[in-house]
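Visitor: Just one file: run-v3.pdb, with PDB, C-alpha atoms.
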ATOM      1  CA  MET O   8      25.605 -76.731  32.859
ATOM      2  CA  SER O   9      22.715 -79.177  32.995
ATOM      3  CA  GLY O  10      19.434 -78.616  34.773
ATOM      4  CA  ILE O  11      19.215 -82.322  35.551
ATOM      5  CA  SER O  12      19.799 -83.301  39.174
ATOM      6  CA  TYR O  13      21.594 -86.551  38.380
ATOM      7  CA  ASP O  14      25.246 -87.361  37.796
ATOM      8  CA  LEU O  15      25.033 -87.555  34.007
ATOM      9  CA  LYS O  16      28.595 -88.872  33.791
ATOM     10  CA  LYS O  17      27.195 -92.200  35.069
ATOM     11  CA  ILE O  18      24.950 -92.665  32.017
ATOM     12  CA  LYS O  19      26.340 -95.228  29.576
ATOM     13  CA  GLY O  20      23.120 -96.232  27.857
ATOM     14  CA  ILE O  21      19.754 -94.773  26.996
ATOM     15  CA  VAL O  22      16.522 -96.326  25.791
ATOM     16  CA  PHE O  23      13.905 -94.477  23.772
ATOM     17  CA  ASP O  24      10.281 -95.117  22.978
ATOM     18  CA  VAL O  25       9.270 -94.091  19.439
ATOM     19  CA  ASP O  26       5.738 -92.696  19.246
ATOM     20  CA  GLY O  27       5.580 -89.548  21.356
ATOM     21  CA  VAL O  28       9.366 -89.443  21.931
ATOM     22  CA  LEU O  29      11.324 -89.940  18.696
ATOM     23  CA  SER O  30       8.242 -88.947  16.693
ATOM     24  CA  PRO O  31       5.335 -86.652  17.535
ATOM     25  CA  SER O  32       2.289 -88.083  19.303
ATOM     26  CA  VAL O  33       0.099 -87.365  16.284
ATOM     27  CA  ILE O  34       0.876 -89.807  13.485
ATOM     28  CA  PRO O  35      -0.607 -89.595   9.991
ATOM     29  CA  ILE O  36      -1.992 -92.843   8.600
ATOM     30  CA  ASP O  37      -1.336 -93.803   4.967
ATOM     31  CA  GLU O  38      -3.962 -95.187   2.593
ATOM     32  CA  ASP O  39      -3.149 -98.725   3.767
ATOM     33  CA  GLY O  40      -3.814 -97.798   7.403
ATOM     34  CA  LYS O  41      -0.147 -97.835   8.386
ATOM     35  CA  PRO O  42       1.389 -95.045  10.459
ATOM     36  CA  VAL O  43       3.715 -92.596   8.743
ATOM     37  CA  ARG O  44       6.097 -91.343  11.395
ATOM     38  CA  MET O  45       8.012 -88.103  11.242
ATOM     39  CA  MET O  46      11.529 -88.028  12.667
ATOM     40  CA  ASN O  47      13.443 -84.990  13.874
ATOM     41  CA  VAL O  48      16.721 -84.513  11.981
ATOM     42  CA  LYS O  49      18.402 -82.823  14.951
ATOM     43  CA  ASP O  50      17.399 -85.720  17.213
ATOM     44  CA  GLY O  51      18.927 -88.052  14.618
ATOM     45  CA  TYR O  52      22.176 -86.123  14.554
ATOM     46  CA  ALA O  53      22.416 -86.212  18.353
ATOM     47  CA  LEU O  54      21.863 -89.988  18.260
ATOM     48  CA  LEU O  55      24.715 -90.285  15.763
ATOM     49  CA  VAL O  56      27.041 -88.197  17.960
ATOM     50  CA  ALA O  57      26.088 -90.265  21.022
ATOM     51  CA  ILE O  58      26.827 -93.536  19.233
ATOM     52  CA  ASN O  59      30.126 -92.169  17.890
ATOM     53  CA  ASN O  60      31.073 -91.422  21.499
ATOM     54  CA  GLY O  61      30.319 -94.938  22.747
ATOM     55  CA  MET O  62      26.824 -94.420  24.165
ATOM     56  CA  ARG O  63      24.678 -97.553  24.063
ATOM     57  CA  ILE O  64      21.292 -96.785  22.471
ATOM     58  CA  ALA O  65      18.197 -98.967  22.298
ATOM     59  CA  ILE O  66      14.764 -98.360  20.882
ATOM     60  CA  ILE O  67      11.809-100.237  22.318
ATOM     61  CA  THR O  68       8.372 -99.570  20.884
ATOM     62  CA  GLY O  69       4.947-101.116  20.960
ATOM     63  CA  GLY O  70       4.600-100.185  17.294
ATOM     64  CA  ALA O  71       5.876-102.108  14.326
ATOM     65  CA  ALA O  72       9.589-101.477  13.907
ATOM     66  CA  ASP O  73       9.891-102.501  10.260
ATOM     67  CA  ARG O  74       9.069 -98.997   8.986
ATOM     68  CA  ILE O  75      11.471 -97.247  11.343
ATOM     69  CA  LYS O  76      14.282 -99.798  11.364
ATOM     70  CA  LYS O  77      16.083 -98.400   8.305
ATOM     71  CA  ARG O  78      16.159 -94.901   9.762
ATOM     72  CA  PHE O  79      17.750 -95.929  13.036
ATOM     73  CA  GLU O  80      20.099 -98.497  11.525
ATOM     74  CA  SER O  81      21.422 -95.741   9.247
ATOM     75  CA  LEU O  82      22.426 -93.874  12.418
ATOM     76  CA  GLY O  83      24.227 -96.923  13.825
ATOM     77  CA  ILE O  84      21.499 -98.149  16.174
ATOM     78  CA  HIS O  85      21.092-101.914  16.062
ATOM     79  CA  ASP O  86      19.089-102.591  19.215
ATOM     80  CA  ILE O  87      15.649-101.864  17.763
ATOM     81  CA  HIS O  88      12.739-103.762  19.272
ATOM     82  CA  GLY O  89       9.240-103.408  17.851
ATOM     83  CA  ASN O  90       5.816-104.853  18.597
ATOM     84  CA  VAL O  91       6.796-105.051  22.271
ATOM     85  CA  ALA O  92       3.790-105.254  24.585
ATOM     86  CA  ASP O  93       5.809-105.397  27.829
ATOM     87  CA  LYS O  94       8.957-103.309  27.430
ATOM     88  CA  LEU O  95      10.596-104.058  30.781
ATOM     89  CA  PRO O  96      11.854-107.613  30.035
ATOM     90  CA  VAL O  97      13.305-106.417  26.715
ATOM     91  CA  MET O  98      15.041-103.489  28.408
ATOM     92  CA  LYS O  99      16.430-105.699  31.189
ATOM     93  CA  GLN O 100      17.793-108.168  28.639
ATOM     94  CA  TRP O 101      19.418-105.285  26.694
ATOM     95  CA  MET O 102      20.963-103.965  29.913
ATOM     96  CA  GLU O 103      22.312-107.408  30.775
ATOM     97  CA  GLN O 104      23.743-107.909  27.276
ATOM     98  CA  ASN O 105      25.509-104.535  27.545
ATOM     99  CA  ALA O 106      26.622-105.029  31.183
ATOM    100  CA  LEU O 107      24.683-101.918  32.258
ATOM    101  CA  HIS O 108      23.449-101.286  35.785
ATOM    102  CA  PRO O 109      20.197 -99.340  36.342
ATOM    103  CA  GLU O 110      22.056 -96.235  37.568
ATOM    104  CA  GLU O 111      23.949 -96.172  34.227
ATOM    105  CA  VAL O 112      20.788 -96.062  32.133
ATOM    106  CA  ALA O 113      18.342 -93.345  31.137
ATOM    107  CA  TYR O 114      14.933 -94.065  29.630
ATOM    108  CA  MET O 115      12.759 -91.570  27.782
ATOM    109  CA  GLY O 116       9.095 -92.467  27.532
ATOM    110  CA  ASP O 117       5.855 -90.592  27.174
ATOM    111  CA  ASP O 118       2.984 -92.806  28.298
ATOM    112  CA  ILE O 119       1.726 -95.612  30.522
ATOM    113  CA  PRO O 120       3.476 -98.483  28.647
ATOM    114  CA  ASP O 121       6.809 -96.790  29.491
ATOM    115  CA  LEU O 122       6.287 -96.470  33.245
ATOM    116  CA  LYS O 123       7.796 -99.814  34.324
ATOM    117  CA  CYS O 124      10.965 -99.058  32.356
ATOM    118  CA  MET O 125      11.102 -95.496  33.660
ATOM    119  CA  ARG O 126      10.876 -96.775  37.240
ATOM    120  CA  SER O 127      13.714 -99.266  36.633
ATOM    121  CA  VAL O 128      16.514 -96.914  35.552
ATOM    122  CA  GLY O 129      18.654 -94.266  37.183
ATOM    123  CA  LEU O 130      17.387 -91.406  35.016
ATOM    124  CA  PRO O 131      13.752 -91.566  33.873
ATOM    125  CA  CYS O 132      12.973 -88.815  31.345
ATOM    126  CA  ALA O 133       9.910 -87.588  29.497
ATOM    127  CA  PRO O 134       9.126 -85.106  26.737
ATOM    128  CA  HIS O 135       7.222 -81.963  27.689
ATOM    129  CA  ASP O 136       3.949 -83.271  26.219
ATOM    130  CA  ALA O 137       4.043 -86.700  27.892
ATOM    131  CA  SER O 138       1.091 -88.150  29.768
ATOM    132  CA  VAL O 139       0.450 -87.044  33.348
ATOM    133  CA  GLU O 140       1.608 -90.458  34.558
ATOM    134  CA  ALA O 141       4.917 -90.292  32.666
ATOM    135  CA  LEU O 142       5.516 -86.706  33.780
ATOM    136  CA  SER O 143       4.997 -87.653  37.421
ATOM    137  CA  THR O 144       7.431 -90.584  37.046
ATOM    138  CA  ALA O 145      10.178 -88.650  35.251
ATOM    139  CA  SER O 146      13.141 -87.202  37.104
ATOM    140  CA  TYR O 147      13.761 -84.973  34.086
ATOM    141  CA  ILE O 148      11.139 -83.411  31.816
ATOM    142  CA  SER O 149      12.503 -81.969  28.604
ATOM    143  CA  PRO O 150      11.213 -78.533  27.605
ATOM    144  CA  PHE O 151      10.707 -80.032  24.115
ATOM    145  CA  ASN O 152       7.791 -82.129  22.913
ATOM    146  CA  GLY O 153       8.159 -85.637  21.538
ATOM    147  CA  GLY O 154       9.476 -85.555  17.986
ATOM    148  CA  TYR O 155      10.534 -81.933  18.369
ATOM    149  CA  GLY O 156      13.929 -82.087  20.036
ATOM    150  CA  CYS O 157      13.491 -83.901  23.364
ATOM    151  CA  VAL O 158      15.944 -86.614  22.293
ATOM    152  CA  ARG O 159      18.607 -84.089  21.307
ATOM    153  CA  ASP O 160      17.996 -82.250  24.576
ATOM    154  CA  ILE O 161      18.758 -85.228  26.808
ATOM    155  CA  LEU O 162      21.656 -86.519  24.688
ATOM    156  CA  ASN O 163      23.177 -83.052  24.504
ATOM    157  CA  GLN O 164      23.129 -82.721  28.288
ATOM    158  CA  ILE O 165      24.572 -86.187  28.911
ATOM    159  CA  LEU O 166      27.356 -85.770  26.359
ATOM    160  CA  ARG O 167      28.197 -82.249  27.570
ATOM    161  CA  ALA O 168      28.505 -83.538  31.141
ATOM    162  CA  LYS O 169      30.990 -86.135  29.877
ATOM    163  CA  GLY O 170      32.889 -83.570  27.794
ATOM    164  CA  GLN O 171      31.869 -85.417  24.617
ATOM    165  CA  TRP O 172      29.519 -82.963  22.888
ATOM    166  CA  MET O 173      31.338 -81.626  19.815
ATOM    167  CA  ALA O 174      34.638 -82.745  21.303
ATOM    168  CA  SER O 175      35.825 -84.902  18.407
ATOM    169  CA  GLU O 176      36.368 -84.208  14.724
ATOM    170  CA  LYS O 177      33.983 -87.083  13.903
ATOM    171  CA  ASP O 178      31.160 -85.147  15.600
ATOM    172  CA  PHE O 179      31.197 -82.655  12.734
ATOM    173  CA  ILE O 180      30.631 -85.226  10.021
ATOM    174  CA  TRP O 181      27.160 -86.474   9.178
TER     175      TRP O 181
END
How does the structure come out when it is put into structure tokens?

Guide:
Amino acid sequence: MSGISYDLKKIKGIVFDVDGVLSPSVIPIDEDGKPVRMMNVKDGYALLVAINNGMRIAIITGGAADRIKKRFESLGIHDIHGNVADKLPVMKQWMEQNALHPEEVAYMGDDIPDLKCMRSVGLPCAPHDASVEALSTASYISPFNGGYGCVRDILNQILRAKGQWMASEKDFIW
């Protein structure tokens, strides 16, 4: 049973920020000054299971998406938006393209640039180590930090509520 006070069966799509959500808040910089992001394998597997079960997934980040695009495309995510200064118009366009209403969407963000999106969906979520502003906006705060399982946590709960977590043979194949 979920600890989230929202009808998770309504959720058809979820949007994730990258830095501080799909990767930890601390990002090493390579010798060329570019960020080197870590990704959680268990979060990745949960994304794959969600996509295999028909969940719409989008990634919207203020960072450059070219270095992360391959990772998420390999999981079946094609709605990857990088270098986005104002995330809300991009999210609204994605929702419109996927015929999703706000109450059918969850958004997981960790900082001030995510607040407008968080306030515009049915289920705003944040990792445990999010900013004070994101934590106060979230309806659900994962017990896991960004990059350390918060994505798997929310996807697991949504898919379990729908009876889709580990319910199909394809869920056992990487």

Visitor: So how far away is CA of Glu38 (chain O) from CA of Asp86 (chain O), in Å?

Guide: 29.4 Å

Visitor: Using all atoms listed in the file and a cutoff of 9 Å, can you tell me which residues are near (3.8, -100.5, 18.6) in the file's coordinates, and write them out as an MDAnalysis selection string?

Guide: chainID O and resid 25:26 67:72 89:92

Visitor: Closest to Ile87 (chain O) among O:Asp24, O:Asp39, O:Arg44, O:Gly170, using only C-alpha atoms?

Guide: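 Using only C-alpha atoms, Ile87 (chain O) sits closest to O:Asp24.
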
Visitor: Going by the chain IDs and residue numbers used in this file, which residues fall under the PyMOL selection byres ((chain O and resi 152) around 9)? Write them as an MDAnalysis selection string.

Guide: chainID O and resid 27:28 31:32 133:137 149:151 153:157

Visitor: Considering all atoms listed in the file, return as a PDB file with C-alpha atoms, keeping the file's coordinate frame whatever protein or nucleic-acid residues lie within 12 Å of Ala174 (chain O), sequence-local ones (same chain, fewer than 4 positions apart) excluded.

Guide:
ATOM      1  CA  VAL O  56      27.041 -88.197  17.960  1.00  0.00           C
ATOM      2  CA  ALA O  57      26.088 -90.265  21.022  1.00  0.00           C
ATOM      3  CA  ASN O  59      30.126 -92.169  17.890  1.00  0.00           C
ATOM      4  CA  ASN O  60      31.073 -91.422  21.499  1.00  0.00           C
ATOM      5  CA  ASN O 163      23.177 -83.052  24.504  1.00  0.00           C
ATOM      6  CA  LEU O 166      27.356 -85.770  26.359  1.00  0.00           C
ATOM      7  CA  ARG O 167      28.197 -82.249  27.570  1.00  0.00           C
ATOM      8  CA  ALA O 168      28.505 -83.538  31.141  1.00  0.00           C
ATOM      9  CA  LYS O 169      30.990 -86.135  29.877  1.00  0.00           C
ATOM     10  CA  GLY O 170      32.889 -83.570  27.794  1.00  0.00           C
ATOM     11  CA  ASP O 178      31.160 -85.147  15.600  1.00  0.00           C
ATOM     12  CA  PHE O 179      31.197 -82.655  12.734  1.00  0.00           C
TER      13      PHE O 179
END

Visitor: Taking all atoms listed in the file into account, name the residue in O:Trp181, O:Phe79, O:Tyr13, O:Phe23 that is nearest to Met98 (chain O).

Guide: O:Phe23

Visitor: If you take every atom of region 48-60 of chain O that the file lists and fit an axis-aligned box around them with 6 Å extra on each side, what centre and edge lengths come out in Å to one decimal, as AutoDock Vina command-line options?

Guide:
--center_x 23.9 --center_y -88.2 --center_z 16.7 --size_x 26.4 --size_y 22.7 --size_z 21.5

Visitor: For each of O:Leu55, O:Met173, O:Met102, O:Met46, take the minimum atom-to-atom distance to Ile75 (chain O), counting all atoms listed in the file, then give the residue where this is smallest.

Guide: O:Met46

Visitor: Using all atoms listed in the file, find the one residue out of O:Ile165, O:Met125, O:Leu142, O:Leu82 that sits nearest to Gly20 (chain O).

Guide: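 Nearest to Gly20 (chain O): O:Ile165.
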
Visitor: May I ask which of the residues O:Leu130, O:Ile64, O:Leu122, O:Ala106 is the closest one to Ile21 (chain O), counting only C-alpha atoms?

Guide: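 Using only C-alpha atoms, the shortest distance to Ile21 (chain O) belongs to O:Ile64.
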
Visitor: Translate the PyMOL selection byres ((chain O and resi 126) around 10), as applied to the file shown, into an explicit residue set as a PyMOL selection string.

Guide: chain O and resi 95+109+114+121-125+127-131+141+144-146

Visitor: Write a file of the just-selected residues containing C-alpha atoms, as a compact mmCIF listing (two decimals), in the frame of the given file.

Guide:
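Output file out_21.txt follows:
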# COMPACT_ATOMS: atom_id res chain seq x y z
CA LEU O 95 10.60 -104.06 30.78
CA PRO O 109 20.20 -99.34 36.34
CA TYR O 114 14.93 -94.06 29.63
CA ASP O 121 6.81 -96.79 29.49
CA LEU O 122 6.29 -96.47 33.24
CA LYS O 123 7.80 -99.81 34.32
CA CYS O 124 10.96 -99.06 32.36
CA MET O 125 11.10 -95.50 33.66
CA SER O 127 13.71 -99.27 36.63
CA VAL O 128 16.51 -96.91 35.55
CA GLY O 129 18.65 -94.27 37.18
CA LEU O 130 17.39 -91.41 35.02
CA PRO O 131 13.75 -91.57 33.87
CA ALA O 141 4.92 -90.29 32.67
CA THR O 144 7.43 -90.58 37.05
CA ALA O 145 10.18 -88.65 35.25
CA SER O 146 13.14 -87.20 37.10

Visitor: Mind pulling up the distance from CA of Lys41 (chain O) to CA of Lys76 (chain O)?

Guide: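 A separation of 14.9 Å between them.
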
Visitor: Using the chain letters and numbers from this file, what does the PyMOL selection byres ((chain O and resi 11) around 9) select? Give the answer as a list of chain:residue names.

Guide: O:Met8, O:Ser9, O:Gly10, O:Ser12, O:Tyr13, O:Asp14, O:Leu15, O:Ser146, O:Tyr147, O:Ile148, O:Gln164

Visitor: Quick check, in Å to one decimal: how far apart do CA of Ile36 (chain O) and CA of Gly116 (chain O) lie?

Guide: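 Interatomic distance, CA of Ile36 (chain O) to CA of Gly116 (chain O): 21.9 Å.
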
Visitor: At a cut-off of 10 Å, using only C-alpha atoms, what residues contact Val139 (chain O)? Leave out same-chain residues fewer than 6 positions from it and give the result as a JSON list (two decimals) with C-alpha atoms, keeping the file's coordinate frame.

Guide:
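Now in part-v5.json:
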[["chain", "number", "residue", "atom", "x", "y", "z"],
["O", 117, "ASP", "CA", 5.86, -90.59, 27.17],
["O", 118, "ASP", "CA", 2.98, -92.81, 28.30],
["O", 119, "ILE", "CA", 1.73, -95.61, 30.52]]

Visitor: Let me make sure I understand: among O:His108, O:Arg159, O:Lys16, O:Lys94, which one has the smallest atom-to-atom distance to Tyr52 (chain O) if we use all atoms listed in the file?

Guide: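 Looking only at the distances to Tyr52 (chain O), the closest residue turns out to be O:Arg159.
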